[in-house]
Structures are given as structure tokens and as C-alpha cells.
Amino acid sequence: MSLDVPTALLERAERGEIDDADFVECVRNSLPYAWEVVSRVAGDLHSGTEEYADNVVPPPDEVARGQLLRAMASDAIRGGLERHFGVKLAFQNCHRVAAFPLSAVGGDTYSTFVGTRAQLLNQSPELRNC
């Protein structure tokens, strides 16, 4: 299961749409490692001068890795995080999450990062089964 949904939130979802703030809070509580990584790269992007900020540190364990994979694989979770932090997220492997300014989407740096060449160059034997 990707998220631990509180009963009250589930009941509101059954009655209709919920707002992003409630959804993002559920993500933050359910996937704390993923939240920490995305929060950090988004913060680094907003406070720095680089074209993007990324995480290159592998997760400490399989639980953390699973959280990050669930967050990046779910369109709803990833989209909620992007809206909350005001960034475009890109994901290359089991831990390389990058935050880009929304204005960078379609630009050279973003396109290079999400391109097939970068994906191939970012592989290594130790990441094969991550």
C-alpha cells in the first residue's frame, strides 16, 4: 500500500474531491523518506543558483527505497509533490530525484536529464536491481 490514509480523509474522499493540502499531508506522513528527499531537493533548488538540484545519495534501506519509488511512480503523488513545492520532478533510478524550475521543462538541461542517453549513463552494476 502506498499511503496510510486516515479514516476521516478516506471518508471525505468517498464523498468527493479533497484539496491538495490534505493529500500532501497524507503523503508526508505516509512516505517520510520520500518527503525528506523531495523537500530537500526542492529547497536546494529554490535557495541555490544551479539549474536544478538532485539527490545522489542512495536510500539507507529497502523501506526508504520503496517509499521513494512509490512516490515517483504514482502520478497523483508525484503531481501533488510538484504542486506543493512548485517544481518539476525528474527521476532517473532508485534514488536520483531532481527538482527543476517549472520554466525549465522542455529546455536543454531538463531534456538532457530526462533523456535516454542520461538514463544509460546513470547506470552502474550496483544500481541494476535497485
# chains A, B, ... in the order shown; residues from 1 in each chain; ligands from 1
call {"tool": "residues_around", "arguments": {"residues": "stretch 73-83 of chain A", "least_positions_apart": "4", "cutoff": "9 Å", "atoms": "only C-alpha atoms", "output": "PDB file with C-alpha atoms, in the first residue's frame"}}
result
ATOM      1  CA  SER A   2       1.386   3.398  -0.941  1.00  0.00           C
ATOM      2  CA  ASP A  20      -4.168  19.222  -2.281  1.00  0.00           C
ATOM      3  CA  ALA A  21      -3.127  20.227   1.226  1.00  0.00           C
ATOM      4  CA  PHE A  23      -3.493  14.878   0.137  1.00  0.00           C
ATOM      5  CA  VAL A  24       0.060  16.199   0.513  1.00  0.00           C
ATOM      6  CA  VAL A  27       1.859  11.737   1.581  1.00  0.00           C
ATOM      7  CA  TRP A  35       9.090  13.578   1.553  1.00  0.00           C
ATOM      8  CA  VAL A  38      11.840  15.830  -2.373  1.00  0.00           C
ATOM      9  CA  SER A  39      11.690  18.566   0.264  1.00  0.00           C
ATOM     10  CA  LEU A  68      10.789   6.887  -2.942  1.00  0.00           C
ATOM     11  CA  LEU A  69       9.789   4.510  -5.715  1.00  0.00           C
ATOM     12  CA  VAL A  87       8.891  22.280  -9.034  1.00  0.00           C
ATOM     13  CA  LYS A  88       9.056  19.685 -11.772  1.00  0.00           C
ATOM     14  CA  LEU A  89      10.472  16.407 -10.504  1.00  0.00           C
ATOM     15  CA  ALA A  99      13.925  19.233  -8.884  1.00  0.00           C
TER      16      ALA A  99
END
call {"tool": "residues_around", "arguments": {"residues": "A:Leu102", "least_positions_apart": "2", "cutoff": "12 Å", "atoms": "only C-alpha atoms", "output": "VMD selection string"}}
result
chain A and resid 42 45 to 46 51 to 52 82 to 83 85 to 90 99 to 100 104 to 107 110
call {"tool": "select_by_dssp", "arguments": {"residues": "stretch 48-89 of chain A", "states": "strand (DSSP E or B)", "output": "ChimeraX atom specification"}}
result
/A:53-54,87-89
call {"tool": "residues_around", "arguments": {"residues": "A:Gln92", "least_positions_apart": "4", "cutoff": "8 Å", "atoms": "only C-alpha atoms", "output": "ChimeraX atom specification"}}
result
/A:96-97,114,119,122
call {"tool": "select_by_dssp", "arguments": {"residues": "chain A", "states": "alpha helix (DSSP H)", "output": "JSON, numbers by chain"}}
result
{"A": [7, 8, 9, 10, 11, 12, 13, 14, 15, 20, 21, 22, 23, 24, 25, 26, 27, 28, 29, 30, 32, 33, 34, 35, 36, 37, 38, 39, 40, 41, 42, 43, 44, 45, 46, 47, 62, 63, 64, 65, 66, 67, 68, 69, 70, 71, 72, 73, 75, 76, 77, 78, 79, 80, 81, 82, 83, 84, 85, 108, 109, 110, 111, 112, 113, 114, 116, 117, 118, 119, 120, 121]}
call {"tool": "closest_residue", "arguments": {"among": "A:Ala71, A:Ala98, A:Ala34, A:Cys26", "to": "A:Val56", "atoms": "only C-alpha atoms"}}
result
A:Ala98
